[in-house]
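Enquirer: Got a structure for you, entry_19.cif, holding mmCIF, C-alpha atoms and all ligand atoms.
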```cif
data_protein
#
loop_
_atom_site.group_PDB
_atom_site.id
_atom_site.type_symbol
_atom_site.label_atom_id
_atom_site.label_comp_id
_atom_site.auth_asym_id
_atom_site.auth_seq_id
_atom_site.Cartn_x
_atom_site.Cartn_y
_atom_site.Cartn_z
ATOM 1 C CA MET A 1 92.726 -38.209 -18.710
ATOM 2 C CA LYS A 2 90.589 -37.630 -21.806
ATOM 3 C CA PRO A 3 91.354 -40.834 -23.812
ATOM 4 C CA LEU A 4 90.672 -42.925 -20.744
ATOM 5 C CA LEU A 5 87.265 -41.332 -20.226
ATOM 6 C CA VAL A 6 86.223 -41.983 -23.841
ATOM 7 C CA ALA A 7 87.351 -45.590 -23.607
ATOM 8 C CA ALA A 8 85.262 -46.053 -20.504
ATOM 9 C CA ILE A 9 82.109 -44.829 -22.253
ATOM 10 C CA PHE A 10 82.591 -47.195 -25.172
ATOM 11 C CA PHE A 11 83.239 -50.024 -22.844
ATOM 12 C CA SER A 12 80.065 -49.535 -20.804
ATOM 13 C CA ALA A 13 77.949 -49.139 -23.956
ATOM 14 C CA ALA A 14 79.281 -52.431 -25.245
ATOM 15 C CA CYS A 15 78.495 -54.124 -21.942
ATOM 16 C CA ALA A 16 74.942 -52.845 -21.940
ATOM 17 C CA ARG A 17 74.317 -54.217 -25.437
ATOM 18 C CA HIS A 18 75.567 -57.653 -24.607
ATOM 19 C CA ASP A 19 74.256 -57.902 -21.080
ATOM 20 C CA GLY A 20 70.673 -56.796 -21.724
ATOM 21 C CA ASN A 21 69.355 -60.275 -20.970
ATOM 22 C CA GLU A 22 71.783 -60.744 -18.121
ATOM 23 C CA ALA A 23 70.633 -57.540 -16.458
ATOM 24 C CA GLN A 24 67.030 -58.589 -16.850
ATOM 25 C CA HIS A 25 67.669 -61.973 -15.321
ATOM 26 C CA GLU A 26 69.589 -60.351 -12.510
ATOM 27 C CA SER A 27 66.699 -58.029 -11.654
ATOM 28 C CA LEU A 28 64.277 -60.972 -11.868
ATOM 29 C CA ARG A 29 66.464 -62.961 -9.514
ATOM 30 C CA LYS A 30 66.657 -60.056 -7.041
ATOM 31 C CA LEU A 31 62.928 -59.470 -7.237
ATOM 32 C CA GLY A 32 62.282 -63.160 -6.615
ATOM 33 C CA HIS A 33 64.590 -63.055 -3.623
ATOM 34 C CA ASP A 34 62.819 -60.027 -2.127
ATOM 35 C CA ILE A 35 59.389 -61.545 -2.696
ATOM 36 C CA THR A 36 60.441 -64.784 -1.024
ATOM 37 C CA LYS A 37 61.705 -62.828 1.964
ATOM 38 C CA VAL A 38 58.524 -60.796 2.387
ATOM 39 C CA VAL A 39 56.290 -63.843 1.854
ATOM 40 C CA ALA A 40 58.269 -65.812 4.427
ATOM 41 C CA SER A 41 57.933 -63.082 7.056
ATOM 42 C CA ALA A 42 54.225 -62.618 6.263
ATOM 43 C CA LYS A 43 53.590 -66.318 6.776
ATOM 44 C CA ASN A 44 55.398 -66.303 10.064
ATOM 45 C CA PRO A 45 53.739 -63.608 12.177
ATOM 46 C CA ASP A 46 53.722 -65.677 15.388
ATOM 47 C CA SER A 47 56.339 -63.557 17.098
ATOM 48 C CA VAL A 48 54.498 -60.340 16.280
ATOM 49 C CA ASP A 49 52.584 -58.689 19.105
ATOM 50 C CA ASP A 50 50.526 -56.417 16.872
ATOM 51 C CA PRO A 51 49.102 -58.281 13.850
ATOM 52 C CA THR A 52 47.353 -55.267 12.314
ATOM 53 C CA ALA A 53 50.439 -53.098 12.322
ATOM 54 C CA PHE A 54 52.457 -56.052 11.056
ATOM 55 C CA ARG A 55 50.124 -56.686 8.116
ATOM 56 C CA TYR A 56 50.164 -53.003 7.322
ATOM 57 C CA ARG A 57 53.974 -53.097 7.220
ATOM 58 C CA VAL A 58 54.002 -56.154 4.955
ATOM 59 C CA HIS A 59 51.488 -54.443 2.691
ATOM 60 C CA GLN A 60 53.783 -51.408 2.466
ATOM 61 C CA GLN A 61 56.643 -53.674 1.373
ATOM 62 C CA VAL A 62 54.504 -55.393 -1.227
ATOM 63 C CA ILE A 63 53.644 -52.176 -3.057
ATOM 64 C CA PRO A 64 57.201 -51.455 -4.328
ATOM 65 C CA LEU A 65 57.713 -55.142 -5.183
ATOM 66 C CA ARG A 66 54.571 -55.074 -7.285
ATOM 67 C CA GLU A 67 55.783 -51.928 -9.043
ATOM 68 C CA ARG A 68 59.125 -53.528 -9.877
ATOM 69 C CA LEU A 69 57.389 -56.626 -11.145
ATOM 70 C CA GLU A 70 55.264 -54.481 -13.433
ATOM 71 C CA ARG A 71 58.327 -52.663 -14.769
ATOM 72 C CA ILE A 72 60.032 -55.933 -15.658
ATOM 73 C CA ARG A 73 56.869 -57.151 -17.342
ATOM 74 C CA GLN A 74 56.594 -54.004 -19.477
ATOM 75 C CA HIS A 75 60.223 -54.377 -20.326
ATOM 76 C CA THR A 76 59.800 -57.930 -21.659
ATOM 77 C CA ASN A 77 56.580 -57.241 -23.515
ATOM 78 C CA THR A 78 57.668 -54.173 -25.413
ATOM 79 C CA GLY A 79 61.028 -55.610 -26.339
ATOM 80 C CA VAL A 80 62.793 -52.509 -25.020
ATOM 81 C CA ARG A 81 66.228 -53.550 -23.900
ATOM 82 C CA THR A 82 68.115 -52.236 -20.903
ATOM 83 C CA ASP A 83 70.365 -50.212 -23.220
ATOM 84 C CA GLY A 84 67.297 -48.349 -24.505
ATOM 85 C CA ALA A 85 67.514 -49.675 -28.104
ATOM 86 C CA ASN A 86 64.443 -51.226 -29.709
ATOM 87 C CA ASP A 87 64.652 -54.846 -30.773
ATOM 88 C CA LYS A 88 63.876 -55.841 -34.305
ATOM 89 C CA ASP A 89 61.299 -58.605 -34.663
ATOM 90 C CA PRO A 90 61.947 -61.017 -31.837
ATOM 91 C CA THR A 91 63.603 -64.284 -32.666
ATOM 92 C CA ASP A 92 62.193 -67.643 -31.569
ATOM 93 C CA LYS A 93 64.713 -67.779 -28.762
ATOM 94 C CA GLN A 94 63.728 -64.317 -27.570
ATOM 95 C CA MET A 95 60.044 -65.325 -27.635
ATOM 96 C CA LYS A 96 60.870 -68.389 -25.576
ATOM 97 C CA ASP A 97 62.827 -66.280 -23.096
ATOM 98 C CA ARG A 98 59.917 -63.931 -22.739
ATOM 99 C CA ASP A 99 57.483 -66.775 -22.069
ATOM 100 C CA LYS A 100 59.807 -68.045 -19.398
ATOM 101 C CA VAL A 101 60.118 -64.637 -17.758
ATOM 102 C CA GLU A 102 56.367 -64.148 -17.991
ATOM 103 C CA ALA A 103 55.776 -67.496 -16.263
ATOM 104 C CA GLU A 104 58.155 -66.525 -13.471
ATOM 105 C CA LEU A 105 56.480 -63.168 -13.056
ATOM 106 C CA ASN A 106 53.046 -64.811 -12.885
ATOM 107 C CA GLN A 107 54.282 -67.106 -10.187
ATOM 108 C CA MET A 108 55.661 -64.212 -8.176
ATOM 109 C CA GLU A 109 52.452 -62.281 -8.603
ATOM 110 C CA GLU A 110 50.495 -65.225 -7.275
ATOM 111 C CA GLN A 111 52.730 -65.305 -4.207
ATOM 112 C CA LEU A 112 52.175 -61.605 -3.631
ATOM 113 C CA ASN A 113 48.412 -61.966 -4.106
ATOM 114 C CA GLN A 114 48.324 -64.509 -1.315
ATOM 115 C CA ILE A 115 49.588 -62.032 1.246
ATOM 116 C CA ASP A 116 48.630 -58.729 -0.266
ATOM 117 C CA SER A 117 45.237 -58.214 1.277
ATOM 118 C CA PRO A 118 45.619 -54.981 3.209
ATOM 119 C CA PRO A 119 44.231 -54.922 6.755
ATOM 120 C CA ALA A 120 40.489 -54.257 6.706
ATOM 121 C CA GLU A 121 41.004 -50.910 8.421
ATOM 122 C CA THR A 122 44.019 -49.706 6.486
ATOM 123 C CA PRO A 123 44.613 -46.276 7.929
ATOM 124 C CA ASN A 124 44.342 -43.673 5.237
ATOM 125 C CA ALA A 125 46.065 -40.706 6.796
ATOM 126 C CA ALA A 126 45.613 -38.364 3.823
ATOM 127 C CA ASP A 127 41.808 -38.831 3.727
ATOM 128 C CA ARG A 128 41.488 -38.427 7.459
ATOM 129 C CA LEU A 129 43.608 -35.266 7.449
ATOM 130 C CA ALA A 130 41.456 -33.819 4.658
ATOM 131 C CA GLU A 131 38.247 -34.708 6.509
ATOM 132 C CA ASP A 132 39.603 -33.102 9.635
ATOM 133 C CA ALA A 133 40.656 -29.975 7.715
ATOM 134 C CA ASN A 134 37.209 -29.473 6.148
ATOM 135 C CA ARG A 135 35.523 -30.310 9.453
ATOM 136 C CA SER A 136 33.508 -33.223 8.111
ATOM 137 C CA SER A 137 35.047 -35.494 10.742
ATOM 138 C CA TYR A 138 37.055 -34.470 13.789
ATOM 139 C CA TRP A 139 39.874 -36.992 13.582
ATOM 140 C CA LYS A 140 42.225 -34.823 15.622
ATOM 141 C CA ARG A 141 39.803 -34.171 18.476
ATOM 142 C CA PHE A 142 41.379 -36.934 20.551
ATOM 143 C CA GLY A 143 45.110 -37.418 20.633
ATOM 144 C CA PRO A 144 48.160 -37.738 22.859
ATOM 145 C CA TYR A 145 47.537 -34.271 24.248
ATOM 146 C CA LEU A 146 47.621 -35.157 27.917
ATOM 147 C CA ALA A 147 50.720 -33.702 29.587
ATOM 148 C CA GLU A 148 53.272 -36.091 31.072
ATOM 149 C CA ARG A 149 53.573 -33.766 34.023
ATOM 150 C CA GLN A 150 51.666 -30.675 35.006
ATOM 151 C CA TRP A 151 53.520 -30.217 38.283
ATOM 152 C CA GLY A 152 56.297 -27.637 38.256
ATOM 153 C CA THR A 153 54.916 -25.782 35.223
ATOM 154 C CA VAL A 154 54.494 -22.012 35.021
ATOM 155 C CA ARG A 155 50.798 -22.529 34.261
ATOM 156 C CA GLU A 156 50.257 -23.789 37.806
ATOM 157 C CA ASP A 157 52.433 -21.138 39.427
ATOM 158 C CA TYR A 158 50.562 -18.992 41.945
ATOM 159 C CA SER A 159 53.563 -18.554 44.197
ATOM 160 C CA GLY A 160 53.534 -14.776 44.201
ATOM 161 C CA ASP A 161 57.331 -14.713 44.066
ATOM 162 C CA GLN A 162 57.639 -16.453 40.667
ATOM 163 C CA ASN A 163 59.008 -19.550 42.272
ATOM 164 C CA GLY A 164 57.027 -22.002 40.149
ATOM 165 C CA TRP A 165 59.297 -24.966 40.824
ATOM 166 C CA SER A 166 58.943 -24.972 44.573
ATOM 167 C CA TYR A 167 55.293 -23.991 44.412
ATOM 168 C CA PHE A 168 54.261 -27.316 42.858
ATOM 169 C CA PRO A 169 56.806 -30.183 43.004
ATOM 170 C CA HIS A 170 56.049 -33.818 42.037
ATOM 171 C CA ALA A 171 55.485 -34.823 45.672
ATOM 172 C CA GLN A 172 52.352 -32.659 45.870
ATOM 173 C CA ALA A 173 50.833 -33.851 42.616
ATOM 174 C CA GLN A 174 48.853 -36.638 44.321
ATOM 175 C CA SER A 175 47.231 -34.362 46.869
ATOM 176 C CA ARG A 176 46.615 -31.078 45.064
ATOM 177 C CA ALA A 177 44.297 -30.241 42.185
ATOM 178 C CA TYR A 178 45.750 -28.647 39.087
ATOM 179 C CA ARG A 179 44.120 -25.487 37.934
ATOM 180 C CA TRP A 180 44.928 -25.386 34.219
ATOM 181 C CA GLY A 181 45.504 -28.939 33.048
ATOM 182 C CA GLU A 182 45.916 -32.583 33.884
ATOM 183 C CA ASP A 183 48.711 -35.086 33.553
ATOM 184 C CA GLY A 184 49.137 -38.836 33.145
ATOM 185 C CA LEU A 185 51.284 -41.676 31.850
ATOM 186 C CA LEU A 186 51.093 -42.081 28.064
ATOM 187 C CA GLY A 187 47.563 -40.737 28.163
ATOM 188 C CA LEU A 188 44.904 -39.671 25.693
ATOM 189 C CA ALA A 189 42.708 -36.580 25.817
ATOM 190 C CA ASP A 190 40.484 -34.379 23.717
ATOM 191 C CA ARG A 191 42.246 -31.241 22.586
ATOM 192 C CA GLN A 192 40.949 -29.204 25.520
ATOM 193 C CA ALA A 193 41.722 -31.951 28.046
ATOM 194 C CA ARG A 194 38.111 -32.153 29.211
ATOM 195 C CA LEU A 195 38.048 -35.920 28.933
ATOM 196 C CA CYS A 196 41.356 -37.570 29.789
ATOM 197 C CA PHE A 197 42.423 -41.166 29.952
ATOM 198 C CA ALA A 198 45.626 -42.479 31.508
ATOM 199 C CA PRO A 199 46.565 -45.676 33.323
ATOM 200 C CA ALA A 200 47.502 -45.656 37.015
ATOM 201 C CA LEU A 201 49.910 -48.356 38.181
ATOM 202 C CA TRP A 202 50.906 -49.833 41.503
ATOM 203 C CA ASN A 203 53.690 -52.358 41.958
ATOM 204 C CA GLY A 204 52.619 -53.274 45.481
ATOM 205 C CA ASN A 205 55.621 -51.495 46.979
ATOM 206 C CA ASP A 206 55.279 -47.806 46.194
ATOM 207 C CA PRO A 207 53.820 -45.385 48.731
ATOM 208 C CA CYS A 208 51.697 -43.867 45.941
ATOM 209 C CA LEU A 209 50.208 -44.825 42.601
ATOM 210 C CA LYS A 210 52.334 -44.258 39.513
ATOM 211 C CA GLU A 211 50.066 -41.819 37.694
ATOM 212 C CA ARG A 212 52.487 -39.365 36.090
ATOM 213 C CA LEU A 213 56.141 -38.966 35.279
ATOM 214 C CA PHE A 214 58.431 -38.397 38.212
ATOM 215 C CA GLY A 215 61.213 -35.859 38.006
ATOM 216 C CA LEU A 216 63.297 -33.274 39.737
ATOM 217 C CA THR A 217 62.463 -29.596 39.739
ATOM 218 C CA GLY A 218 65.012 -27.041 38.585
ATOM 219 C CA PRO A 219 66.517 -26.491 42.061
ATOM 220 C CA GLU A 220 66.421 -30.258 42.873
ATOM 221 C CA GLY A 221 68.439 -31.453 39.859
ATOM 222 C CA ASN A 222 72.201 -31.123 39.724
ATOM 223 C CA HIS A 223 71.805 -29.801 36.172
ATOM 224 C CA GLY A 224 68.322 -28.342 36.530
ATOM 225 C CA GLU A 225 64.977 -29.993 35.859
ATOM 226 C CA ASP A 226 64.968 -33.594 34.774
ATOM 227 C CA VAL A 227 62.382 -36.343 34.356
ATOM 228 C CA LYS A 228 63.655 -39.591 35.854
ATOM 229 C CA GLU A 229 61.722 -42.302 34.048
ATOM 230 C CA LEU A 230 62.085 -44.733 31.163
ATOM 231 C CA TYR A 231 59.358 -44.381 28.533
ATOM 232 C CA TYR A 232 59.234 -44.510 24.746
ATOM 233 C CA TYR A 233 56.842 -43.174 22.131
ATOM 234 C CA LEU A 234 56.931 -45.907 19.492
ATOM 235 C CA ASP A 235 54.408 -45.135 16.784
ATOM 236 C CA ALA A 236 51.832 -42.555 15.764
ATOM 237 C CA THR A 237 49.772 -41.523 12.748
ATOM 238 C CA PRO A 238 49.144 -37.826 11.982
ATOM 239 C CA THR A 239 45.531 -38.021 13.188
ATOM 240 C CA ALA A 240 46.431 -40.145 16.244
ATOM 241 C CA SER A 241 44.330 -42.952 14.749
ATOM 242 C CA TYR A 242 47.017 -45.291 15.972
ATOM 243 C CA LEU A 243 49.350 -44.623 18.875
ATOM 244 C CA LYS A 244 51.789 -46.852 20.644
ATOM 245 C CA ALA A 245 54.039 -46.198 23.633
ATOM 246 C CA LEU A 246 55.937 -48.109 26.266
ATOM 247 C CA TYR A 247 56.491 -47.408 29.964
ATOM 248 C CA LYS A 248 58.891 -49.300 32.240
ATOM 249 C CA TYR A 249 57.872 -49.709 35.868
ATOM 250 C CA PRO A 250 60.191 -51.380 38.406
ATOM 251 C CA HIS A 251 58.873 -54.238 40.563
ATOM 252 C CA GLU A 252 60.597 -52.828 43.616
ATOM 253 C CA ARG A 253 59.772 -49.561 45.284
ATOM 254 C CA PHE A 254 60.402 -46.729 42.823
ATOM 255 C CA PRO A 255 63.601 -44.998 44.022
ATOM 256 C CA TYR A 256 62.085 -41.529 44.487
ATOM 257 C CA GLU A 257 64.181 -40.657 47.522
ATOM 258 C CA LYS A 258 67.429 -42.032 46.113
ATOM 259 C CA LEU A 259 67.127 -40.005 42.914
ATOM 260 C CA LEU A 260 66.471 -36.830 44.873
ATOM 261 C CA GLN A 261 69.267 -37.486 47.352
ATOM 262 C CA GLU A 262 71.896 -38.435 44.778
ATOM 263 C CA ALA A 263 71.126 -35.407 42.573
ATOM 264 C CA ASN A 264 71.466 -33.209 45.630
ATOM 265 C CA ASP A 265 74.847 -34.783 46.554
ATOM 266 C CA ARG A 266 76.166 -34.233 43.059
ATOM 267 C CA LYS A 267 75.549 -30.498 43.191
ATOM 268 C CA ARG A 268 78.957 -30.281 44.900
ATOM 269 C CA ASP A 269 80.604 -30.440 41.471
ATOM 270 C CA MET A 270 78.866 -29.268 38.281
ATOM 271 C CA ARG A 271 81.006 -31.645 36.222
ATOM 272 C CA LEU A 272 79.431 -34.723 37.800
ATOM 273 C CA PRO A 273 76.969 -36.443 35.479
ATOM 274 C CA GLU A 274 73.272 -36.749 36.263
ATOM 275 C CA TYR A 275 72.102 -39.752 38.215
ATOM 276 C CA GLU A 276 69.442 -41.527 36.169
ATOM 277 C CA LEU A 277 66.780 -44.076 37.017
ATOM 278 C CA ILE A 278 68.691 -46.814 35.227
ATOM 279 C CA ASP A 279 71.781 -46.080 37.356
ATOM 280 C CA THR A 280 69.875 -47.167 40.478
ATOM 281 C CA GLY A 281 69.930 -50.772 39.215
ATOM 282 C CA CYS A 282 66.191 -51.164 39.837
ATOM 283 C CA PHE A 283 65.580 -52.664 36.375
ATOM 284 C CA GLU A 284 68.070 -55.437 37.020
ATOM 285 C CA ARG A 285 65.777 -56.678 39.792
ATOM 286 C CA GLY A 286 62.706 -56.998 37.578
ATOM 287 C CA TYR A 287 60.199 -54.614 36.034
ATOM 288 C CA PHE A 288 56.906 -54.387 34.145
ATOM 289 C CA ASP A 289 56.668 -53.303 30.531
ATOM 290 C CA MET A 290 53.418 -51.510 29.936
ATOM 291 C CA LEU A 291 52.602 -51.205 26.236
ATOM 292 C CA VAL A 292 49.779 -48.742 25.564
ATOM 293 C CA GLN A 293 48.029 -48.726 22.203
ATOM 294 C CA TYR A 294 45.196 -46.513 20.969
ATOM 295 C CA ALA A 295 43.330 -47.184 17.739
ATOM 296 C CA LYS A 296 40.437 -45.217 16.312
ATOM 297 C CA ALA A 297 37.607 -47.057 14.591
ATOM 298 C CA ASP A 298 36.055 -43.648 14.116
ATOM 299 C CA ALA A 299 36.843 -40.110 15.255
ATOM 300 C CA GLU A 300 35.199 -40.802 18.614
ATOM 301 C CA ASP A 301 35.281 -44.576 18.731
ATOM 302 C CA ILE A 302 38.602 -45.347 20.332
ATOM 303 C CA LEU A 303 39.967 -48.724 21.322
ATOM 304 C CA ILE A 304 42.562 -48.903 24.082
ATOM 305 C CA ARG A 305 44.808 -51.846 24.751
ATOM 306 C CA LEU A 306 47.171 -52.097 27.715
ATOM 307 C CA SER A 307 49.551 -55.052 27.601
ATOM 308 C CA PHE A 308 51.820 -55.941 30.486
ATOM 309 C CA THR A 309 54.927 -58.041 30.353
ATOM 310 C CA ASN A 310 56.875 -59.202 33.337
ATOM 311 C CA ARG A 311 60.565 -58.680 32.609
HETATM 312 C C1 LIG A 401 35.915 -33.272 3.101
HETATM 313 O O1 LIG A 401 37.050 -33.973 2.647
HETATM 314 C C2 LIG A 401 36.806 -35.321 2.327
HETATM 315 C C3 LIG A 401 38.147 -35.961 1.999
HETATM 316 O O2 LIG A 401 38.825 -35.254 0.988
HETATM 317 C C4 LIG A 401 35.805 -35.413 1.183
HETATM 318 O O3 LIG A 401 35.566 -36.781 0.884
HETATM 319 C C5 LIG A 401 34.536 -34.726 1.615
HETATM 320 O O4 LIG A 401 33.614 -34.728 0.542
HETATM 321 C C6 LIG A 401 34.797 -33.308 2.073
HETATM 322 N N1 LIG A 401 33.580 -32.766 2.646
HETATM 323 C C7 LIG A 401 33.191 -31.534 2.458
HETATM 324 C C8 LIG A 401 31.925 -31.121 3.141
HETATM 325 O O5 LIG A 401 33.799 -30.748 1.736
#
```
Would you encode the structure as structure tokens?
Ligand SMILES: *[C@@H]1O[C@H](CO)[C@@H](O)[C@H](O)[C@H]1NC(C)=O

Expert:
Amino acid sequence: MKPLLVAAIFFSAACARHDGNEAQHESLRKLGHDITKVVASAKNPDSVDDPTAFRYRVHQQVIPLRERLERIRQHTNTGVRTDGANDKDPTDKQMKDRDKVEAELNQMEEQLNQIDSPPAETPNAADRLAEDANRSSYWKRFGPYLAERQWGTVREDYSGDQNGWSYFPHAQAQSRAYRWGEDGLLGLADRQARLCFAPALWNGNDPCLKERLFGLTGPEGNHGEDVKELYYYLDATPTASYLKALYKYPHERFPYEKLLQEANDRKRDMRLPEYELIDTGCFERGYFDMLVQYAKADAEDILIRLSFTNR
């Protein structure tokens, strides 16, 4: 094994010496390729539903490209080769090569400059966290603190026989007041839930508004408690300065009864899987996508956007 290992080291050293320029050109070529890709996507934001978030993402991609560009530039200017050896005085050809590389780098930089203006309100999470920590600005006062469901929780259990599930099922949530909290769909609240915001939906077919997540209580589910909804938390910053979530609401009557009934039927055999909302086929017959976005201009200046798409 030993002679082979030594040979390999010599071989790679020799390659590095001869391919210094090659390696440099290769990294230039790659950098150029990446820049072209990012520039192309930045110039084509038509399909993007959230331009601010999109620009922020492009900006994040530009930072490492800029760093690589700077490294290559340093590399050409100092005459340090990829193998780490210092060049002697550069020859005419080397000077020419450097001018060429420099021109290419300038061109790339110009391309980056065209798109690299960060969004006016670039979120600076670290500053906001520090301001919140030293209490100069309460960035965390409002956030996604509103519960998805408050029904069937031990906090609301006044049953007297510790039967919290049956004491407050989903069906009663529309007609009874909670004692210790609130709930809502993809909502926003201050940290003590004194001021809460959440959308309420109606598809024209349901017997009640869709104001909170539906689910089965422990005794109702064939494998215990289970929320039967489709919803996704898509994005969030540490201070909740930007939040994004998606809720899917069927056009047809929400299959409350079917979900309850089917779960009950499946209790006959513990090995049977759970029956989920998607299994009812309701989404194949059309649904609404509700995209909820929250953005803070200031700790207590909050913009809310609800976008609906008919699917
Ligand atoms: C609080 O933190 C922010 C961010 O680091 C800083 O700019 C500000 O001066 C601090 N304020 C106080 C009162 O310490």

Enquirer: To check your reading of the model: which residues sit at most 10 Å from ligand LIG 401 (chain A) when counting all atoms listed in the file? Write the answer as a PyMOL selection string.

Expert: chain A and resi 126-137

Enquirer: Selected residues, C-alpha atoms, written as a PDB file, keeping the file's coordinate frame, please.

Expert:
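selection_36.pdb written:
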```pdb
ATOM      1  CA  ALA A 126      45.613 -38.364   3.823  1.00  0.00           C
ATOM      2  CA  ASP A 127      41.808 -38.831   3.727  1.00  0.00           C
ATOM      3  CA  ARG A 128      41.488 -38.427   7.459  1.00  0.00           C
ATOM      4  CA  LEU A 129      43.608 -35.266   7.449  1.00  0.00           C
ATOM      5  CA  ALA A 130      41.456 -33.819   4.658  1.00  0.00           C
ATOM      6  CA  GLU A 131      38.247 -34.708   6.509  1.00  0.00           C
ATOM      7  CA  ASP A 132      39.603 -33.102   9.635  1.00  0.00           C
ATOM      8  CA  ALA A 133      40.656 -29.975   7.715  1.00  0.00           C
ATOM      9  CA  ASN A 134      37.209 -29.473   6.148  1.00  0.00           C
ATOM     10  CA  ARG A 135      35.523 -30.310   9.453  1.00  0.00           C
ATOM     11  CA  SER A 136      33.508 -33.223   8.111  1.00  0.00           C
ATOM     12  CA  SER A 137      35.047 -35.494  10.742  1.00  0.00           C
TER      13      SER A 137
END
```

Enquirer: Please indicate the distance in Å from CA of Ala42 (chain A) to CA of Phe288 (chain A), rounded to one decimal place.

Expert: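 Rounded to one decimal, the two atoms are 29.2 Å apart.
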
Enquirer: Applied to this file, what does the PyMOL selection byres (((chain A and resi 188-200) around 8) and not hetatm) return in terms of residues, put as a PyMOL selection string?

Expert: chain A and resi 140-146+181-182+184-187+201-202+209-211

Enquirer: For Leu69 (chain A), which residue among A:Leu243, A:Val38, A:Leu112, A:Leu230 is the nearest when counting all atoms listed in the file?

Expert: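 Looking only at the distances to Leu69 (chain A), the closest residue turns out to be A:Leu112.
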
Enquirer: Go through A:Thr91, A:Ser175, A:Gln111, A:Gln60 one by one, measure the shortest atom-to-atom distance of each to Lys43 (chain A) using only C-alpha atoms, and give the residue with the smallest value.

Expert: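 Among the listed residues, the smallest separation from Lys43 (chain A) belongs to A:Gln111.
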
Enquirer: Distance CA of Thr309 (chain A)-CA of Ala236 (chain A), one decimal place?

Expert: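 CA of Ala236 (chain A) lies 21.5 Å from CA of Thr309 (chain A).
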
Enquirer: So the first atom is CA of Thr239 (chain A) and the second is CA of Val62 (chain A); what is the distance between them in Å, to one decimal place?

Expert: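 Pair CA of Thr239 (chain A) / CA of Val62 (chain A) returns 24.3 Å.
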
Enquirer: If we count only C-alpha atoms, what is near Gln261 (chain A) at a cut-off of 12 Å, once residues fewer than 2 positions away on the same chain are taken out, given as an MDAnalysis selection string?

Expert: chainID A and resid 216 220:222 255:259 263:267 274:276 280

Enquirer: Apply the PyMOL selection byres (((chain A and resi 166) around 10) and not hetatm) to the structure shown and report the selected residues as a PyMOL selection string.

Expert: chain A and resi 151-152+157+159+162-165+167-170+217-220

Enquirer: Using all atoms listed in the file for the distances, tell me which of A:Arg253, A:Ala245, A:Pro273, A:Gly286 is nearest to Arg305 (chain A).

Expert: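 Distance minimum relative to Arg305 (chain A) lands on A:Ala245.
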
Enquirer: Let me make sure I understand: among A:Asn44, A:Pro238, A:Lys37, A:Asp99, which one has the smallest atom-to-atom distance to Trp139 (chain A) if we use only C-alpha atoms?

Expert: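 Distance minimum relative to Trp139 (chain A) lands on A:Pro238.
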
Enquirer: Determine the residue set returned by the PyMOL selection byres (((chain A and resi 244) around 8) and not hetatm) for the present structure, and present it as a list in words.

Expert: Tyr233, Leu234, Asp235, Ala236, Tyr242, Leu243, Ala245, Leu246, Leu291, Val292, Gln293 and Tyr294 of chain A

Enquirer: Would you place a box with edges along x, y and z of the file around all atoms of region 25-42 of chain A listed there, add 6 Å to each of its six sides, and report the centre and edge lengths in Å to one decimal, as JSON?

Expert:
```
{"center_x": 61.9, "center_y": -61.9, "center_z": -4.1, "size_x": 27.4, "size_y": 19.8, "size_z": 34.4}
```

Enquirer: Can you work out which one of A:Leu306, A:Ala295, A:Ala171, A:Leu28 has the shortest atom-to-atom distance to Glu102 (chain A), counting all atoms listed in the file?

Expert: A:Leu28

Enquirer: Between A:Arg155, A:His59, A:Lys296, A:Lys30, which is the closest to Met108 (chain A) once you count only C-alpha atoms?

Expert: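 Closest to Met108 (chain A) of all the choices is A:Lys30.
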